[in-house]
file final-v1.tsv (TSV, C-alpha atoms)
chain	number	residue	atom	x	y	z
A	1	MET	CA	14.21	-3.42	28.64
A	2	ARG	CA	16.61	-6.11	27.40
A	3	VAL	CA	17.93	-5.84	23.85
A	4	SER	CA	16.80	-9.45	23.29
A	5	ARG	CA	13.22	-8.20	23.57
A	6	ILE	CA	13.72	-5.99	20.52
A	7	ILE	CA	16.34	-7.68	18.29
A	8	PRO	CA	15.35	-11.15	17.04
A	9	PRO	CA	17.71	-14.11	17.39
A	10	PRO	CA	20.28	-14.81	14.66
A	11	GLY	CA	19.26	-16.72	11.56
A	12	PRO	CA	16.14	-16.31	9.40
A	13	PRO	CA	14.20	-14.28	12.03
A	14	ARG	CA	16.90	-11.61	12.12
A	15	THR	CA	17.23	-11.51	8.32
A	16	LEU	CA	13.46	-11.21	7.93
A	17	ALA	CA	13.47	-8.39	10.49
A	18	LEU	CA	16.25	-6.60	8.58
A	19	ALA	CA	14.22	-6.78	5.39
A	20	GLN	CA	11.16	-5.44	7.21
A	21	LEU	CA	13.16	-2.65	8.79
A	22	THR	CA	14.64	-1.64	5.44
A	23	ASN	CA	11.39	-1.16	3.56
A	24	SER	CA	9.41	0.12	6.56
A	25	VAL	CA	11.75	3.12	6.80
A	26	GLY	CA	10.83	4.01	3.25
A	27	ASP	CA	7.16	3.32	3.91
A	28	GLY	CA	7.20	5.71	6.86
A	29	ALA	CA	8.35	8.54	4.61
A	30	TYR	CA	5.84	7.50	1.93
A	31	TYR	CA	2.87	7.51	4.31
A	32	VAL	CA	3.73	10.99	5.56
A	33	CYS	CA	4.40	12.59	2.17
A	34	SER	CA	2.44	10.68	-0.46
A	35	VAL	CA	-0.95	12.40	-0.26
A	36	LEU	CA	0.57	15.87	-0.43
A	37	TYR	CA	2.77	14.75	-3.32
A	38	PHE	CA	-0.25	13.40	-5.18
A	39	SER	CA	-2.13	16.63	-4.57
A	40	ARG	CA	0.50	19.34	-4.96
A	41	VAL	CA	2.89	17.84	-7.49
A	42	ILE	CA	0.74	15.55	-9.64
A	43	GLY	CA	-2.23	17.91	-9.22
A	44	LEU	CA	-4.95	15.45	-8.20
A	45	SER	CA	-8.07	16.25	-6.21
A	46	PRO	CA	-8.83	14.50	-2.90
A	47	THR	CA	-11.68	12.65	-4.61
A	48	GLN	CA	-9.37	11.33	-7.32
A	49	ILE	CA	-6.79	10.23	-4.75
A	50	GLY	CA	-9.39	8.52	-2.59
A	51	ALA	CA	-10.98	6.71	-5.53
A	52	ALA	CA	-7.61	5.43	-6.76
A	53	LEU	CA	-6.57	4.18	-3.32
A	54	THR	CA	-9.95	2.52	-2.79
A	55	LEU	CA	-9.75	0.68	-6.09
A	56	GLY	CA	-6.12	-0.20	-5.47
A	57	TRP	CA	-6.67	-1.76	-2.05
A	58	ALA	CA	-9.77	-3.58	-3.32
A	59	LEU	CA	-7.69	-5.19	-6.07
A	60	GLY	CA	-4.91	-5.92	-3.59
A	61	ALA	CA	-7.31	-7.78	-1.32
A	62	VAL	CA	-8.37	-9.94	-4.27
A	63	VAL	CA	-4.97	-10.75	-5.79
A	64	GLY	CA	-3.26	-11.56	-2.48
A	65	VAL	CA	-4.70	-15.09	-2.49
A	66	PRO	CA	-3.58	-16.15	-6.00
A	67	LEU	CA	-0.18	-14.53	-5.48
A	68	GLY	CA	0.15	-16.46	-2.22
A	69	HIS	CA	-0.81	-19.61	-4.13
A	70	VAL	CA	2.00	-18.91	-6.60
A	71	ALA	CA	4.36	-18.58	-3.64
A	72	ASP	CA	3.27	-22.03	-2.43
A	73	ARG	CA	3.95	-23.58	-5.84
A	74	ARG	CA	7.08	-21.70	-6.91
A	75	GLY	CA	8.65	-21.04	-3.52
A	76	PRO	CA	7.98	-18.05	-1.24
A	77	ARG	CA	11.53	-16.67	-1.29
A	78	GLY	CA	11.61	-16.03	-5.03
A	79	ILE	CA	8.09	-14.57	-5.07
A	80	ALA	CA	8.88	-12.34	-2.08
A	81	VAL	CA	11.97	-11.00	-3.85
A	82	LEU	CA	9.98	-10.45	-7.07
A	83	MET	CA	7.12	-8.68	-5.25
A	84	SER	CA	9.55	-6.45	-3.36
A	85	LEU	CA	11.23	-5.41	-6.61
A	86	ALA	CA	7.85	-4.86	-8.26
A	87	THR	CA	6.68	-2.72	-5.33
A	88	GLY	CA	9.80	-0.59	-5.65
A	89	ALA	CA	9.16	-0.21	-9.38
A	90	ALA	CA	5.56	0.83	-8.73
A	91	ILE	CA	6.68	3.53	-6.31
A	92	ALA	CA	9.38	4.68	-8.72
A	93	SER	CA	6.76	5.04	-11.45
A	94	LEU	CA	4.91	7.55	-9.25
A	95	LEU	CA	7.88	9.89	-9.67
A	96	PHE	CA	7.05	10.28	-13.36
A	97	VAL	CA	3.26	10.04	-13.69
A	98	ARG	CA	1.42	13.30	-14.29
A	99	THR	CA	-1.95	12.06	-15.57
A	100	TYR	CA	-4.76	10.40	-13.69
A	101	PRO	CA	-4.89	7.15	-15.74
A	102	ALA	CA	-1.16	6.65	-15.23
A	103	PHE	CA	-1.53	7.42	-11.52
A	104	LEU	CA	-4.39	4.93	-11.21
A	105	ALA	CA	-2.33	2.20	-12.87
A	106	ALA	CA	0.68	2.90	-10.64
A	107	VAL	CA	-1.40	2.84	-7.46
A	108	CYS	CA	-3.10	-0.44	-8.43
A	109	LEU	CA	0.28	-2.00	-9.20
A	110	TYR	CA	1.62	-0.77	-5.86
A	111	THR	CA	-1.25	-2.14	-3.75
A	112	CYS	CA	-1.35	-5.49	-5.56
A	113	CYS	CA	2.39	-5.97	-5.14
A	114	GLN	CA	2.20	-4.95	-1.48
A	115	CYS	CA	-0.49	-7.56	-0.78
A	116	GLY	CA	1.40	-10.20	-2.74
A	117	LEU	CA	4.60	-9.35	-0.88
A	118	ALA	CA	2.82	-9.65	2.48
A	119	ALA	CA	1.47	-13.12	1.58
A	120	ALA	CA	4.83	-14.36	0.28
A	121	ARG	CA	6.71	-12.97	3.25
A	122	GLN	CA	4.35	-14.67	5.69
A	123	ALA	CA	4.71	-17.96	3.79
A	124	LEU	CA	8.48	-17.49	3.90
A	125	LEU	CA	8.34	-17.01	7.66
A	126	ALA	CA	6.19	-20.14	8.03
A	127	GLY	CA	8.65	-22.14	5.93
A	128	LEU	CA	11.79	-21.03	7.74
A	129	VAL	CA	10.65	-20.84	11.38
A	130	GLU	CA	9.34	-23.77	13.38
A	131	PRO	CA	5.66	-23.53	14.39
A	132	ALA	CA	6.44	-22.93	18.07
A	133	ARG	CA	8.46	-19.79	17.23
A	134	ARG	CA	6.33	-18.20	14.50
A	135	THR	CA	4.24	-15.90	16.69
A	136	GLU	CA	7.33	-14.78	18.58
A	137	THR	CA	9.11	-14.07	15.28
A	138	ARG	CA	6.08	-12.22	13.96
A	139	ALA	CA	6.13	-10.08	17.11
A	140	TYR	CA	9.77	-9.20	16.48
A	141	LEU	CA	8.86	-8.21	12.93
A	142	GLN	CA	6.01	-6.02	14.16
A	143	SER	CA	8.34	-4.23	16.55
A	144	THR	CA	10.81	-3.76	13.73
A	145	VAL	CA	8.14	-2.37	11.41
A	146	ASN	CA	7.06	0.19	14.00
A	147	ALA	CA	10.64	1.30	14.59
A	148	GLY	CA	11.21	1.67	10.85
A	149	LEU	CA	7.97	3.56	10.30
A	150	ALA	CA	8.86	5.97	13.08
A	151	LEU	CA	12.28	6.66	11.58
A	152	GLY	CA	10.82	7.01	8.10
A	153	ALA	CA	8.09	9.34	9.32
A	154	ALA	CA	10.75	11.56	10.86
A	155	LEU	CA	12.58	11.70	7.53
A	156	GLY	CA	9.30	12.38	5.77
A	157	GLY	CA	8.67	15.19	8.21
A	158	ILE	CA	11.74	16.93	6.83
A	159	ALA	CA	10.20	16.79	3.36
A	160	LEU	CA	6.97	18.19	4.76
A	161	GLN	CA	8.85	21.03	6.38
A	162	LEU	CA	10.66	21.90	3.14
A	163	ASP	CA	7.38	21.46	1.23
A	164	ASP	CA	8.73	21.49	-2.32
A	165	GLU	CA	8.69	19.10	-5.26
A	166	ALA	CA	12.31	18.01	-4.88
A	167	SER	CA	11.75	17.02	-1.24
A	168	TYR	CA	8.67	14.94	-2.02
A	169	LEU	CA	10.44	13.27	-4.96
A	170	THR	CA	13.37	12.42	-2.69
A	171	ALA	CA	11.09	10.84	-0.08
A	172	LEU	CA	9.32	8.64	-2.65
A	173	ALA	CA	12.61	7.72	-4.34
A	174	MET	CA	13.97	6.64	-0.97
A	175	ASP	CA	10.95	4.37	-0.50
A	176	ALA	CA	11.52	2.77	-3.91
A	177	VAL	CA	15.19	2.15	-3.09
A	178	THR	CA	14.37	0.57	0.27
A	179	PHE	CA	12.21	-2.06	-1.44
A	180	VAL	CA	15.08	-2.92	-3.76
A	181	LEU	CA	17.38	-3.27	-0.75
A	182	ALA	CA	14.76	-5.38	1.04
A	183	ALA	CA	14.60	-7.68	-2.00
A	184	TRP	CA	18.37	-8.16	-1.76
A	185	VAL	CA	18.09	-9.01	1.95
A	186	LEU	CA	15.26	-11.49	1.31
A	187	GLY	CA	17.35	-13.14	-1.40
A	188	ARG	CA	20.01	-13.97	1.22
A	189	LEU	CA	17.56	-16.24	3.06
A	190	PRO	CA	17.67	-19.99	2.46
A	191	ALA	CA	14.92	-21.51	0.37
A	192	PRO	CA	12.34	-23.19	2.63
A	193	ALA	CA	11.91	-26.94	2.32
A	194	ARG	CA	8.92	-27.93	0.24
A	195	GLN	CA	6.01	-28.73	2.54
A	196	LEU	CA	4.05	-31.94	2.00
A	197	PRO	CA	0.23	-31.95	2.26
A	198	ASP	CA	-1.49	-33.43	5.28
A	199	ALA	CA	-1.88	-37.20	5.02
A	200	ASP	CA	-5.69	-37.07	5.00
A	201	ARG	CA	-5.95	-34.23	2.47
A	202	PRO	CA	-5.10	-34.60	-1.24
A	203	ALA	CA	-2.44	-32.28	-2.59
A	204	GLY	CA	-4.31	-30.52	-5.38
A	205	ARG	CA	-3.45	-27.15	-6.89
A	206	SER	CA	-6.72	-25.31	-6.41
A	207	LEU	CA	-7.31	-22.36	-4.12
A	208	THR	CA	-8.65	-24.47	-1.28
A	209	VAL	CA	-8.78	-21.50	1.08
A	210	LEU	CA	-11.77	-20.18	-0.87
A	211	ARG	CA	-13.74	-23.27	0.18
A	212	ASP	CA	-12.58	-23.29	3.79
A	213	ARG	CA	-15.58	-21.82	5.60
A	214	PRO	CA	-14.19	-22.03	9.16
A	215	TYR	CA	-11.04	-20.18	8.09
A	216	ALA	CA	-13.17	-17.60	6.29
A	217	VAL	CA	-15.14	-16.93	9.48
A	218	VAL	CA	-11.95	-16.58	11.51
A	219	SER	CA	-10.55	-14.21	8.87
A	220	LEU	CA	-13.73	-12.13	8.91
A	221	LEU	CA	-13.61	-11.74	12.68
A	222	ASN	CA	-9.96	-10.77	12.47
A	223	MET	CA	-10.84	-8.16	9.82
A	224	VAL	CA	-13.38	-6.59	12.18
A	225	MET	CA	-10.74	-6.39	14.90
A	226	LEU	CA	-8.32	-4.76	12.43
A	227	LEU	CA	-10.62	-1.75	12.21
A	228	TYR	CA	-8.47	-0.33	15.01
A	229	MET	CA	-5.95	0.68	12.30
A	230	PRO	CA	-8.04	3.33	10.50
A	231	LEU	CA	-9.49	4.22	13.90
A	232	LEU	CA	-6.04	5.32	15.04
A	233	SER	CA	-4.70	6.80	11.82
A	234	VAL	CA	-7.79	8.47	10.31
A	235	VAL	CA	-10.65	8.87	12.77
A	236	LEU	CA	-8.82	9.81	15.96
A	237	PRO	CA	-7.02	12.85	14.50
A	238	LEU	CA	-10.35	14.17	13.20
A	239	TRP	CA	-12.02	13.45	16.56
A	240	ILE	CA	-9.32	15.32	18.47
A	241	VAL	CA	-9.55	18.39	16.26
A	242	GLN	CA	-13.34	18.51	15.92
A	243	ARG	CA	-14.70	17.17	19.21
A	244	THR	CA	-12.13	17.78	21.95
A	245	GLY	CA	-10.32	20.78	23.38
A	246	ALA	CA	-6.93	19.06	23.09
A	247	PRO	CA	-4.22	20.85	21.08
A	248	GLY	CA	-3.26	19.53	17.65
A	249	TRP	CA	0.10	18.17	18.80
A	250	THR	CA	-1.79	15.55	20.79
A	251	VAL	CA	-2.21	13.54	17.57
A	252	SER	CA	1.57	13.19	17.21
A	253	ALA	CA	1.98	12.39	20.90
A	254	LEU	CA	-0.50	9.52	20.65
A	255	LEU	CA	1.19	8.09	17.55
A	256	VAL	CA	4.60	8.25	19.24
A	257	LEU	CA	3.16	6.53	22.32
A	258	ASN	CA	1.66	3.79	20.16
A	259	THR	CA	4.82	3.21	18.14
A	260	LEU	CA	7.22	3.11	21.08
A	261	THR	CA	4.97	0.83	23.11
A	262	VAL	CA	4.76	-1.72	20.30
A	263	VAL	CA	8.52	-1.58	19.73
A	264	LEU	CA	9.27	-2.18	23.41
A	265	PHE	CA	6.55	-4.60	24.51
A	266	GLN	CA	5.09	-6.53	21.57
A	267	VAL	CA	7.53	-9.44	21.90
A	268	ARG	CA	6.83	-9.74	25.61
A	269	MET	CA	3.09	-9.78	24.94
A	270	ALA	CA	3.49	-12.46	22.27
A	271	ALA	CA	5.28	-14.73	24.75
A	272	ARG	CA	1.90	-15.27	26.45
A	273	VAL	CA	0.58	-17.07	23.36
A	274	THR	CA	1.68	-20.71	23.17
A	275	GLY	CA	-1.00	-22.28	20.99
A	276	LEU	CA	-4.47	-21.88	19.54
A	277	ARG	CA	-6.22	-21.91	22.90
A	278	SER	CA	-4.16	-19.07	24.35
A	279	ALA	CA	-4.31	-17.24	21.00
A	280	ALA	CA	-8.12	-17.25	20.96
A	281	ARG	CA	-8.11	-16.12	24.59
A	282	ALA	CA	-5.80	-13.22	23.70
A	283	VAL	CA	-8.16	-12.08	20.92
A	284	ARG	CA	-11.12	-12.29	23.32
A	285	GLN	CA	-9.23	-10.14	25.82
A	286	ALA	CA	-8.32	-7.73	23.02
A	287	GLY	CA	-12.02	-7.24	22.27
A	288	LEU	CA	-12.68	-6.29	25.89
A	289	VAL	CA	-9.68	-3.94	26.04
A	290	LEU	CA	-10.55	-2.22	22.76
A	291	LEU	CA	-14.09	-1.68	24.02
A	292	LEU	CA	-12.64	0.02	27.11
A	293	ALA	CA	-10.40	2.14	24.86
A	294	CYS	CA	-13.42	3.29	22.86
A	295	VAL	CA	-15.18	4.32	26.07
A	296	CYS	CA	-12.12	6.31	27.13
A	297	PHE	CA	-11.90	8.03	23.74
A	298	ALA	CA	-15.57	8.99	24.01
A	299	VAL	CA	-14.95	10.52	27.44
A	300	SER	CA	-12.23	12.75	25.98
A	301	ALA	CA	-14.93	15.04	24.52
A	302	VAL	CA	-16.26	15.88	27.98
A	303	GLY	CA	-15.20	19.17	29.57
A	304	THR	CA	-13.86	22.44	28.26
A	305	SER	CA	-10.28	22.55	29.56
A	306	ALA	CA	-7.32	21.64	27.37
A	307	TRP	CA	-5.27	19.50	29.75
A	308	LEU	CA	-8.02	17.08	30.80
A	309	PRO	CA	-8.74	15.82	27.25
A	310	VAL	CA	-5.00	15.33	26.71
A	311	LEU	CA	-4.76	13.22	29.86
A	312	VAL	CA	-7.83	11.14	28.93
A	313	LEU	CA	-6.58	10.66	25.38
A	314	LEU	CA	-3.18	9.47	26.63
A	315	VAL	CA	-4.89	6.94	28.91
A	316	ALA	CA	-7.17	5.83	26.07
A	317	ALA	CA	-4.21	5.45	23.70
A	318	GLY	CA	-2.38	3.36	26.28
A	319	VAL	CA	-5.39	1.08	26.66
A	320	GLN	CA	-5.80	0.89	22.87
A	321	VAL	CA	-2.20	-0.15	22.20
A	322	PHE	CA	-2.48	-2.84	24.90
A	323	GLY	CA	-5.47	-4.24	23.04
A	324	GLU	CA	-3.60	-3.92	19.73
A	325	MET	CA	-0.69	-5.99	21.05
A	326	LEU	CA	-3.03	-8.63	22.47
A	327	LEU	CA	-4.80	-8.86	19.14
A	328	GLY	CA	-1.58	-9.13	17.15
A	329	SER	CA	-0.22	-11.92	19.33
A	330	GLY	CA	-3.38	-13.99	19.11
A	331	SER	CA	-4.19	-13.21	15.50
A	332	TRP	CA	-0.76	-14.21	14.14
A	333	GLU	CA	-0.87	-17.57	15.90
A	334	ILE	CA	-4.39	-18.28	14.62
A	335	GLY	CA	-3.56	-17.32	11.04
A	336	PHE	CA	-0.49	-19.57	10.91
A	337	ALA	CA	-1.72	-22.55	12.94
A	338	LEU	CA	-4.99	-23.06	11.09
A	339	ALA	CA	-3.38	-22.97	7.64
A	340	PRO	CA	-2.20	-26.23	6.01
A	341	ALA	CA	1.59	-26.48	5.97
A	342	ASP	CA	1.81	-26.72	2.17
A	343	LYS	CA	-0.62	-23.84	1.51
A	344	GLN	CA	0.61	-21.11	3.82
A	345	GLY	CA	0.96	-18.65	0.95
A	346	GLN	CA	-2.64	-18.68	-0.21
A	347	TYR	CA	-3.97	-18.88	3.34
A	348	GLN	CA	-1.81	-15.95	4.48
A	349	GLY	CA	-2.91	-14.04	1.40
A	350	PHE	CA	-6.54	-14.61	2.37
A	351	TYR	CA	-5.99	-13.84	6.05
A	352	GLY	CA	-3.93	-10.76	5.24
A	353	ALA	CA	-6.66	-9.44	2.94
A	354	GLY	CA	-8.40	-8.36	6.13
A	355	THR	CA	-5.83	-5.58	6.46
A	356	ALA	CA	-6.59	-4.26	2.98
A	357	VAL	CA	-10.35	-4.51	3.54
A	358	ALA	CA	-10.10	-2.73	6.89
A	359	ARG	CA	-8.17	0.07	5.20
A	360	LEU	CA	-10.76	0.11	2.43
A	361	ILE	CA	-14.01	0.30	4.40
A	362	GLY	CA	-12.75	1.42	7.79
A	363	PRO	CA	-12.31	5.16	7.21
A	364	LEU	CA	-15.79	5.63	5.74
A	365	LEU	CA	-17.53	3.37	8.26
A	366	LEU	CA	-15.80	4.69	11.35
A	367	THR	CA	-15.99	8.37	10.46
A	368	ALA	CA	-19.71	7.98	9.75
A	369	LEU	CA	-20.27	6.31	13.13
A	370	ILE	CA	-17.97	8.29	15.39
A	371	LEU	CA	-17.94	11.79	13.95
A	372	SER	CA	-21.70	11.72	13.32
A	373	TRP	CA	-22.90	9.95	16.47
A	374	GLY	CA	-20.20	10.98	18.94
A	375	THR	CA	-20.30	8.91	22.12
A	376	GLY	CA	-22.91	6.56	20.67
A	377	GLY	CA	-20.64	5.91	17.70
A	378	TRP	CA	-17.71	5.05	19.95
A	379	LEU	CA	-19.90	2.57	21.84
A	380	VAL	CA	-21.05	0.92	18.61
A	381	VAL	CA	-17.45	0.53	17.45
A	382	GLY	CA	-16.47	-0.83	20.86
A	383	ALA	CA	-19.34	-3.33	20.64
A	384	LEU	CA	-18.01	-4.49	17.26
A	385	PHE	CA	-14.61	-5.16	18.82
A	386	LEU	CA	-16.17	-6.97	21.76
A	387	GLY	CA	-18.45	-9.10	19.60
A	388	ALA	CA	-15.65	-10.14	17.24
A	389	GLY	CA	-13.34	-10.92	20.15
A	390	LEU	CA	-15.91	-13.07	21.93
A	391	ALA	CA	-16.81	-14.91	18.71
A	392	MET	CA	-13.20	-15.80	17.92
A	393	GLU	CA	-12.93	-18.62	20.47
A	394	PRO	CA	-15.84	-20.72	19.13
A	395	ALA	CA	-14.76	-19.94	15.57
A	396	VAL	CA	-11.23	-21.18	16.27
A	397	ARG	CA	-12.57	-24.36	17.90
A	398	TRP	CA	-14.71	-24.99	14.81
A	399	ALA	CA	-11.78	-24.45	12.46
A	400	GLU	CA	-9.45	-26.56	14.59
A	401	ALA	CA	-11.90	-29.45	14.64
A	402	ARG	CA	-12.13	-29.39	10.83
A	403	ARG	CA	-8.42	-29.55	10.10
A	404	PRO	CA	-5.28	-31.28	11.35
A	405	VAL	CA	-3.11	-28.64	12.96
A	406	GLU	CA	0.68	-28.58	12.90
A	407	PRO	CA	2.04	-30.10	16.12
A	408	ARG	CA	3.17	-27.77	18.83
A	409	GLU	CA	4.34	-28.19	22.36
A	410	PRO	CA	1.42	-28.78	24.73
A	411	GLU	CA	0.07	-25.66	26.33
A	412	PRO	CA	0.48	-25.38	30.07
A	413	VAL	CA	-2.69	-25.89	32.02
A	414	ARG	CA	-3.78	-22.70	33.76
A	415	ASP	CA	-6.11	-22.34	36.68
call {"tool": "encode", "arguments": {"input": "final-v1.tsv", "output": "structure tokens"}}
result
Amino acid sequence: MRVSRIIPPPGPPRTLALAQLTNSVGDGAYYVCSVLYFSRVIGLSPTQIGAALTLGWALGAVVGVPLGHVADRRGPRGIAVLMSLATGAAIASLLFVRTYPAFLAAVCLYTCCQCGLAAARQALLAGLVEPARRTETRAYLQSTVNAGLALGAALGGIALQLDDEASYLTALAMDAVTFVLAAWVLGRLPAPARQLPDADRPAGRSLTVLRDRPYAVVSLLNMVMLLYMPLLSVVLPLWIVQRTGAPGWTVSALLVLNTLTVVLFQVRMAARVTGLRSAARAVRQAGLVLLLACVCFAVSAVGTSAWLPVLVLLVAAGVQVFGEMLLGSGSWEIGFALAPADKQGQYQGFYGAGTAVARLIGPLLLTALILSWGTGGWLVVGALFLGAGLAMEPAVRWAEARRPVEPREPEPVRD
């Protein structure tokens, strides 16, 4: 594997990747330790934690669009720096809260700032990288994020092993500091040139994305495909423990496999996407692959031996991450290319809300289907992936026909 497949080229792509790497290391530790910190140190019940996170991500999904709109008007670099600092402050506040109202406020601030940061960062990428290189750059960033999360999770694992208040406080403090450092890195980027509106569309200051029905349909289909995230992080560990004979360490093995595969191969997968047509085709293929992964996961419950479920689960995880990389490559291109050049912030905020919504409804929906229905539940989830993937191509054609798209190099004709 060449280093050029992992490290982005010099300039804004490399600086953006450095910022992503910095705060993703902290996020990795946060994801591993936060729930236990909320429970054991702050003293909250699982119901209280779940309710706060649900409300927080719901608010984040809503405010991402107006915060992206602010990034369009005021400049995405400044808003990205501000949101990164605010996210760090929100995490730092969790070190001191000891009551539920204060915890609820801190969590809502954290999720809203995270969604605003994601929208501003995507708008910053769109403003600094030419259209033909955006999906490739986004693939580099995804690889960087996975590498950082893996490193952070390892550091968080040390806190879990020590299992005391000081260790958890250190892990969360590290996350807060990484967002401050990421803000400093983002501030070193040049300010993107102000984008002019399309010639046949008035400038206006309203949230036009809320009236863009084709883009809303594309975003909805993408949200359905993003249900793979809670499937991997929430449902699969429960499935392995409750329905298969595989040992508990299999969960970690599958997560390591997923992370390393994305780090090593996401950029190569993204090179296959050269425009909207190939992007929609990649999402369609992702639907088929994720259906196959669901079938493989269902098969893992068959048999009584320990080694056979492990083998099946490894195969299923390999198929799943292939579908994940296909989806990412196609989805990023679609989200960028269908957004007006001067409104990338609000459009990326709307498109990125699918991640928050998937995290919001996915755990409840998928656990109800899969853990209650077993094989039938896996097939239903696979059918959802397949249906959304197949519907993406006509949805993209509809959206493309309704809007001038930024020029790109012609796609090669394939047999």
call {"tool": "atom_distance", "arguments": {"input": "final-v1.tsv", "atom1": "atom CA of A:Thr355", "atom2": "atom CA of A:Asp175"}}
result
20.7 Å
call {"tool": "closest_residue", "arguments": {"input": "final-v1.tsv", "among": "A:Val273, A:Ala123, A:Val315, A:Gly374", "to": "A:Leu238", "atoms": "all atoms listed in the file"}}
result
A:Gly374
call {"tool": "residues_near_point", "arguments": {"input": "final-v1.tsv", "point": "(-4.3, -4.6, 19.0)", "cutoff": "8 Å", "atoms": "all atoms listed in the file", "output": "JSON, numbers by chain"}}
result
{"A": [225, 226, 228, 286, 290, 320, 321, 322, 323, 324, 325, 326, 327, 328]}
call {"tool": "residues_around", "arguments": {"input": "final-v1.tsv", "residues": "A:Pro237", "least_positions_apart": "2", "cutoff": "12 Å", "atoms": "all atoms listed in the file", "output": "ChimeraX atom specification"}}
result
/A:230-235,239-244,246-255,297,313,363,367,370-371
call {"tool": "closest_residue", "arguments": {"input": "final-v1.tsv", "among": "A:Val107, A:Ala193, A:Val289, A:Ala166", "to": "A:Gly389", "atoms": "all atoms listed in the file"}}
result
A:Val289
call {"tool": "closest_residue", "arguments": {"input": "final-v1.tsv", "among": "A:Leu109, A:Val381, A:Leu82, A:Ile334", "to": "A:Trp57", "atoms": "all atoms listed in the file"}}
result
A:Leu109
call {"tool": "closest_residue", "arguments": {"input": "final-v1.tsv", "among": "A:Ala29, A:Ala176, A:Val81, A:Val283", "to": "A:Gly157", "atoms": "only C-alpha atoms"}}
result
A:Ala29
call {"tool": "closest_residue", "arguments": {"input": "final-v1.tsv", "among": "A:Ser143, A:Gly345, A:Gly287, A:Val185", "to": "A:Thr259", "atoms": "all atoms listed in the file"}}
result
A:Ser143
call {"tool": "atom_distance", "arguments": {"input": "final-v1.tsv", "atom1": "atom CA of A:Val62", "atom2": "atom CA of A:Val396"}}
result
23.6 Å
call {"tool": "residues_around", "arguments": {"input": "final-v1.tsv", "residues": "A:Arg98", "least_positions_apart": "3", "cutoff": "10 Å", "atoms": "all atoms listed in the file", "output": "number ranges by chain"}}
result
A: 38, 41-44, 94-95, 101-103
call {"tool": "closest_residue", "arguments": {"input": "final-v1.tsv", "among": "A:Gly382, A:Val217, A:Leu364, A:Ala282", "to": "A:Ala399", "atoms": "all atoms listed in the file"}}
result
A:Val217
call {"tool": "residues_around", "arguments": {"input": "final-v1.tsv", "residues": "A:Leu55", "least_positions_apart": "3", "cutoff": "9 Å", "atoms": "only C-alpha atoms", "output": "ChimeraX atom specification"}}
result
/A:50-52,58-60,104,107-108,360
call {"tool": "write_last_selection", "arguments": {"input": "final-v1.tsv", "atoms": "C-alpha atoms", "output": "CSV table (one decimal), in the frame of the given file"}}
result
chain,number,residue,atom,x,y,z
A,50,GLY,CA,-9.4,8.5,-2.6
A,51,ALA,CA,-11.0,6.7,-5.5
A,52,ALA,CA,-7.6,5.4,-6.8
A,58,ALA,CA,-9.8,-3.6,-3.3
A,59,LEU,CA,-7.7,-5.2,-6.1
A,60,GLY,CA,-4.9,-5.9,-3.6
A,104,LEU,CA,-4.4,4.9,-11.2
A,107,VAL,CA,-1.4,2.8,-7.5
A,108,CYS,CA,-3.1,-0.4,-8.4
A,360,LEU,CA,-10.8,0.1,2.4
call {"tool": "residues_near_point", "arguments": {"input": "final-v1.tsv", "point": "(1.3, -17.9, -5.7)", "cutoff": "10 Å", "atoms": "only C-alpha atoms", "output": "PyMOL selection string"}}
result
chain A and resi 63-76+79+116+119-120+207+343+345-346+349
call {"tool": "residues_around", "arguments": {"input": "final-v1.tsv", "residues": "A:Ser84", "least_positions_apart": "4", "cutoff": "10 Å", "atoms": "all atoms listed in the file", "output": "ChimeraX atom specification"}}
result
/A:19,23,78-80,88-90,113-114,116-118,120-121,176,178-184,186
call {"tool": "atom_distance", "arguments": {"input": "final-v1.tsv", "atom1": "atom CA of A:Leu21", "atom2": "atom CA of A:Met174"}}
result
13.5 Å
call {"tool": "residues_around", "arguments": {"input": "final-v1.tsv", "residues": "A:Trp332", "least_positions_apart": "3", "cutoff": "10 Å", "atoms": "only C-alpha atoms", "output": "list in words"}}
result
Gln122, Arg134, Thr135, Glu136, Thr137, Arg138, Ala139, Asn222, Ala270, Val273, Ala279, Leu327, Gly328, Ser329, Gly335, Phe336, Ala337, Gln348 and Tyr351 of chain A
